[in-house]
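Novice: This is the structure I have questions about; it appears just below.
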Amino acid sequence: QAAQKGGYKHFMLKEIFEQPLVVTNCLTGRLSANHARVTLPELEELSTPERLHIIACGTSFHAGLWAMYIMESWAKIPTSVEIASEYRYRDTILGKGDQVLVISQSGETADTLACLRKVKQQGAKVIGLCNVVGSSIARESDTVIYTQAGPEISVASTKAMCSQLVVLTLMALFWGRRKHVLTEAEETETLDALRRIPEQLEAALPAMREQANALARQYSGARSFLYLGRGPCYPLALEGALKLKEISYIHAEGYAAGEMKHGPIALIDPDFPTFALIMCDDLFPKVQSNLQEVQARNGKIIALTQDDAVLTLDSVWKIPRSRGPLDVFFALPALQLFAYEVADYLGKDVDQPRNLAKSVTVE
Ligand code: G6P
C-alpha cells in the first residue's frame, strides 16, 4: 500500500496532487489538432438537448450543479440538477428533446442507476459521465463519456470531481458552439485557459498545501463551519463543506452566500468560522457585503480569493486566477486540501472515514 501511495501519507493527498495530470488526461484526444476546437465523438450522434436534466449523488451532484452555470451561459441550455434519491420517486416530467446526463464516478450508485433506468423507460436519451470503465451506468447509458481520472481509492472523492468538471466544460463548449452561442474565439480562448491549468496547478499546489496546513492548525478547534459561495462558487461551497464533514467529522454547512441572511446569520459568533469563496468576478462586491455582515457579528472568516483582491479579513488565502468559471480548478483543490489538513491534524482516518462507502450500491 505504501508503494501505491507513491510517497504520500494518504491516497487522498496523492489523488489531490494528481489533479494536474487528470486535467491533461481528460483533454487527451478531445481537442482538434490545432487545439482550437472540442472534439467529443460521443456527442456527435446526439442532437443538442432542448433541456438538460443532470442527475447524481454526493460529490458528483456538486459537479453537476457547477455545470448548470456553464450550460446556461455558454450553451443556453435550460438545465436542472437533481439528487438521484429524490428524482427517483418524484413524478418527474421530461419533454420531447430533453436529455438526461447522469454523473457517477463509480457508475454503480444505486439511486443514480435507478434514475437512469426510470428515464430510459420514459424514452429519454441518457448520457453517462463515468470514471469506471464498463460499470453499470456506463453500460446502460445510450452514450458514455469517460472521465479518464484513473482509479480513485480514497473514499472522499477529489480527482474524480476534477475530471468531471473538465468533461462538463468540454460538453458546454461543444453544445455552445453547435448552437452558435459561443464564438470560435471564445471557444479557443477557453480551451487555451483549460490547457494552461495543469502547469499552473502543478506549480501552485505545494504552496496551497502549506497554506491549508497553517489554516488547519488555526481553525481545527472549531465545532462547526459555514461555507459560503455565490454563482459557480455555490456548488463549491457545498463541496467544501461535504469534504470537511466526510473526513474530519466537523459539522459544516454549505450555503449560497446571499441566502445567509435568511437563517445561518443567526448562528454567527466568534466560535463559528465562515469559509468564504470570493473570486474576482462580477459577484465579488456581493459576497464582500455578505462577509461584512459576518464581520459585524464578530464571526471569523477564511476568504478564498485571488491575487488582485483587496480584503481585510482574518485569513485571506489567494489562489491563481483562470478564465471565469474555470477558477474552479484552483478553488476545488484548495477546499480539498483544507479538509485534508484539518482531518490529518485531528488524526482522523482520512482514506477510510467512518460510516462512509466509496460506492453506495444499496438504497
Ligand atoms: C459516495 C462516495 C462519494 C461519492 C458518492 C457518489 O457517497 O463516498 O465520494 O461522491 O457516493 O458516487 P458516484 O460513484 O455515483 O459518483
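Ligands are numbered from 1 in the order shown, residues from 1 within each chain, and chains are lettered A, B, ... in the order they appear in the C-alpha cells.
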List as a ChimeraX atom specification the protein and nucleic acid residues near A:Leu332, meaning an atom at most 8 Å away when only C-alpha atoms are counted, but skip any in the same chain fewer than 3 places from it.
Specialist: /A:162,236,240,328-329,335-336
Novice: May I have the selected residues written with C-alpha atoms, as a short mmCIF file (atom, residue, chain, number, x, y, z; two decimals), in the first residue's frame?
Specialist:
data_model
loop_
_atom_site.label_atom_id
_atom_site.label_comp_id
_atom_site.auth_asym_id
_atom_site.auth_seq_id
_atom_site.Cartn_x
_atom_site.Cartn_y
_atom_site.Cartn_z
CA CYS A 162 -11.91 17.48 -11.15
CA LEU A 236 -18.10 24.60 -4.40
CA GLY A 240 -16.06 22.20 0.61
CA VAL A 328 -12.91 26.13 -10.07
CA PHE A 329 -9.75 24.20 -10.96
CA LEU A 335 -11.09 23.16 -0.41
CA GLN A 336 -9.89 19.57 -0.63
#
Novice: Write out as a PyMOL selection string each polymer residue whose atoms come within 12 Å of A:Leu267, counting only C-alpha atoms; drop sequence neighbours fewer than 4 positions from it.
Specialist: chain A and resi 224-226+253+260-263+271-274+294+297-299
Novice: Return as a list in words every polymer residue, whether protein, DNA or RNA, with at least one atom no more than 8 Å from an atom of ligand 1; count only C-alpha atoms and all ligand atoms.
Specialist: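 Within the 8 Å cut-off, the matching residues are Ala56, Cys57, Gly58, Thr59, Ser60, Phe61, Ile103, Ser104, Gln105, Ser106, Gly107, Glu108, Thr109, Thr112, Cys130, Val155, Ala156, Ser157, Thr158, Ala160, Leu356, Ala357, Lys358, Ser359 and Val360 of chain A.
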Novice: List the spatial neighbours of A:Phe330 as a list of chain:residue names - criterion: any atom at most 8 Å away, only C-alpha atoms, same-chain residues fewer than 2 positions off excluded.
Specialist: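 Once the nearby chain positions are removed, what remains is A:Leu201, A:Ile319, A:Pro320, A:Arg321, A:Asp327, A:Val328, A:Leu332, A:Pro333, A:Ala334.
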Novice: Those same residues, written as a compact mmCIF listing (two decimals), in the first residue's frame with N, CA and C atoms?
Specialist:
# COMPACT_ATOMS: atom_id res chain seq x y z
N LEU A 201 -1.51 24.64 -12.03
CA LEU A 201 -1.93 23.95 -10.80
C LEU A 201 -0.76 23.19 -10.18
N ILE A 319 -5.42 32.34 -4.41
CA ILE A 319 -5.12 31.25 -5.36
C ILE A 319 -5.03 31.86 -6.76
N PRO A 320 -4.38 31.14 -7.70
CA PRO A 320 -4.26 31.69 -9.06
C PRO A 320 -5.62 31.87 -9.73
N ARG A 321 -5.60 32.73 -10.73
CA ARG A 321 -6.80 33.03 -11.48
C ARG A 321 -6.79 32.30 -12.81
N ASP A 327 -11.97 29.08 -12.77
CA ASP A 327 -11.33 29.29 -11.45
C ASP A 327 -11.55 28.08 -10.55
N VAL A 328 -12.59 27.32 -10.86
CA VAL A 328 -12.91 26.13 -10.07
C VAL A 328 -11.71 25.18 -9.95
N LEU A 332 -11.24 24.30 -6.08
CA LEU A 332 -11.58 22.95 -5.62
C LEU A 332 -10.42 22.29 -4.86
N PRO A 333 -9.18 22.26 -5.43
CA PRO A 333 -8.08 21.67 -4.65
C PRO A 333 -7.82 22.39 -3.33
N ALA A 334 -8.08 23.70 -3.29
CA ALA A 334 -7.88 24.43 -2.03
C ALA A 334 -8.84 23.89 -0.96
Novice: Sort by chain and increasing residue number a table of all residues of stretch 241-319 of chain A within 12 Å of stretch 206-211 of chain A, each with its closest pair of atoms and their distance in Å to one decimal, counting only C-alpha atoms, and write it as a Markdown table.
Specialist:
| residue | atom | partner | partner_atom | distance |
| --- | --- | --- | --- | --- |
| A:Ile302 | CA | A:Gln211 | CA | 11.3 |
| A:Leu304 | CA | A:Gln211 | CA | 10.8 |
| A:Ser315 | CA | A:Gln211 | CA | 10.2 |
| A:Val316 | CA | A:Gln211 | CA | 10.0 |
| A:Trp317 | CA | A:Gln211 | CA | 7.4 |
| A:Lys318 | CA | A:Met208 | CA | 8.8 |
| A:Ile319 | CA | A:Met208 | CA | 7.6 |
Novice: Find the spatial neighbours of A:Tyr89, counting only C-alpha atoms, within a cut-off of 12 Å - ignore same-chain residues fewer than 2 positions away - and output them as a PyMOL selection string.
Specialist: chain A and resi 82-87+91-93+111-112+114-115+118-119
Novice: Selection from above, N, CA and C atoms, as a PDB file, in the first residue's frame, can you write it?
Specialist:
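This went into again11.pdb:
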ATOM      1  N   GLU A  82     -30.416  17.417 -10.230  1.00  0.00           N
ATOM      2  CA  GLU A  82     -31.261  16.687  -9.281  1.00  0.00           C
ATOM      3  C   GLU A  82     -30.459  15.687  -8.466  1.00  0.00           C
ATOM      4  N   ILE A  83     -30.845  15.552  -7.207  1.00  0.00           N
ATOM      5  CA  ILE A  83     -30.295  14.498  -6.352  1.00  0.00           C
ATOM      6  C   ILE A  83     -31.032  13.204  -6.732  1.00  0.00           C
ATOM      7  N   ALA A  84     -30.265  12.166  -7.045  1.00  0.00           N
ATOM      8  CA  ALA A  84     -30.880  10.943  -7.585  1.00  0.00           C
ATOM      9  C   ALA A  84     -31.921  10.335  -6.649  1.00  0.00           C
ATOM     10  N   SER A  85     -31.649  10.333  -5.350  1.00  0.00           N
ATOM     11  CA  SER A  85     -32.586   9.682  -4.427  1.00  0.00           C
ATOM     12  C   SER A  85     -33.922  10.421  -4.365  1.00  0.00           C
ATOM     13  N   GLU A  86     -33.925  11.705  -4.725  1.00  0.00           N
ATOM     14  CA  GLU A  86     -35.166  12.476  -4.785  1.00  0.00           C
ATOM     15  C   GLU A  86     -35.845  12.281  -6.144  1.00  0.00           C
ATOM     16  N   TYR A  87     -35.066  12.399  -7.188  1.00  0.00           N
ATOM     17  CA  TYR A  87     -35.607  12.312  -8.550  1.00  0.00           C
ATOM     18  C   TYR A  87     -36.326  10.989  -8.778  1.00  0.00           C
ATOM     19  N   ASP A  91     -42.714  12.518  -9.495  1.00  0.00           N
ATOM     20  CA  ASP A  91     -43.401  12.421 -10.786  1.00  0.00           C
ATOM     21  C   ASP A  91     -42.719  13.403 -11.728  1.00  0.00           C
ATOM     22  N   THR A  92     -41.553  13.037 -12.156  1.00  0.00           N
ATOM     23  CA  THR A  92     -40.743  13.957 -12.954  1.00  0.00           C
ATOM     24  C   THR A  92     -41.267  14.040 -14.379  1.00  0.00           C
ATOM     25  N   ILE A  93     -41.002  15.146 -15.019  1.00  0.00           N
ATOM     26  CA  ILE A  93     -41.535  15.384 -16.364  1.00  0.00           C
ATOM     27  C   ILE A  93     -40.380  15.632 -17.333  1.00  0.00           C
ATOM     28  N   ASP A 111     -29.023   4.715  -6.489  1.00  0.00           N
ATOM     29  CA  ASP A 111     -30.064   5.704  -6.809  1.00  0.00           C
ATOM     30  C   ASP A 111     -29.875   6.291  -8.208  1.00  0.00           C
ATOM     31  N   THR A 112     -28.631   6.532  -8.565  1.00  0.00           N
ATOM     32  CA  THR A 112     -28.352   7.124  -9.880  1.00  0.00           C
ATOM     33  C   THR A 112     -28.712   6.118 -10.981  1.00  0.00           C
ATOM     34  N   ALA A 114     -30.906   3.737 -10.729  1.00  0.00           N
ATOM     35  CA  ALA A 114     -32.376   3.612 -10.782  1.00  0.00           C
ATOM     36  C   ALA A 114     -32.969   4.762 -11.601  1.00  0.00           C
ATOM     37  N   CYS A 115     -32.416   5.947 -11.467  1.00  0.00           N
ATOM     38  CA  CYS A 115     -32.914   7.095 -12.247  1.00  0.00           C
ATOM     39  C   CYS A 115     -32.659   6.886 -13.729  1.00  0.00           C
ATOM     40  N   LYS A 118     -35.202   4.586 -14.974  1.00  0.00           N
ATOM     41  CA  LYS A 118     -36.514   5.243 -14.999  1.00  0.00           C
ATOM     42  C   LYS A 118     -36.658   6.133 -16.240  1.00  0.00           C
ATOM     43  N   VAL A 119     -35.661   6.973 -16.484  1.00  0.00           N
ATOM     44  CA  VAL A 119     -35.809   7.905 -17.607  1.00  0.00           C
ATOM     45  C   VAL A 119     -35.699   7.188 -18.956  1.00  0.00           C
TER      46      VAL A 119
END
Novice: Using only C-alpha atoms, determine which residues lie at most 8 Å from A:Ala110, disregarding the query and same-chain residues fewer than 5 positions distant; provide the list as a list in words.
Specialist: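 After dropping sequence-adjacent residues, the list is Val360, Thr361, Val362 and Glu363 of chain A.
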Novice: Do you have, as CSV, the list of residues of stretch 87-132 of chain A lying at most 9 Å from stretch 140-145 of chain A, each with its nearest atom pair and that distance in Å to one decimal, counting only C-alpha atoms and ordered by chain then number?
Specialist:
residue,atom,partner,partner_atom,distance
A:Val102,CA,A:Ser141,CA,8.5
A:Leu113,CA,A:Glu140,CA,8.6
A:Leu116,CA,A:Ser141,CA,7.4
A:Arg117,CA,A:Glu140,CA,8.0
A:Lys120,CA,A:Ser141,CA,8.6
A:Lys125,CA,A:Asp142,CA,6.3
A:Val126,CA,A:Asp142,CA,5.3
A:Ile127,CA,A:Thr143,CA,4.9
A:Gly128,CA,A:Val144,CA,4.6
A:Leu129,CA,A:Ile145,CA,5.0
A:Cys130,CA,A:Ile145,CA,6.5
A:Asn131,CA,A:Ile145,CA,8.5
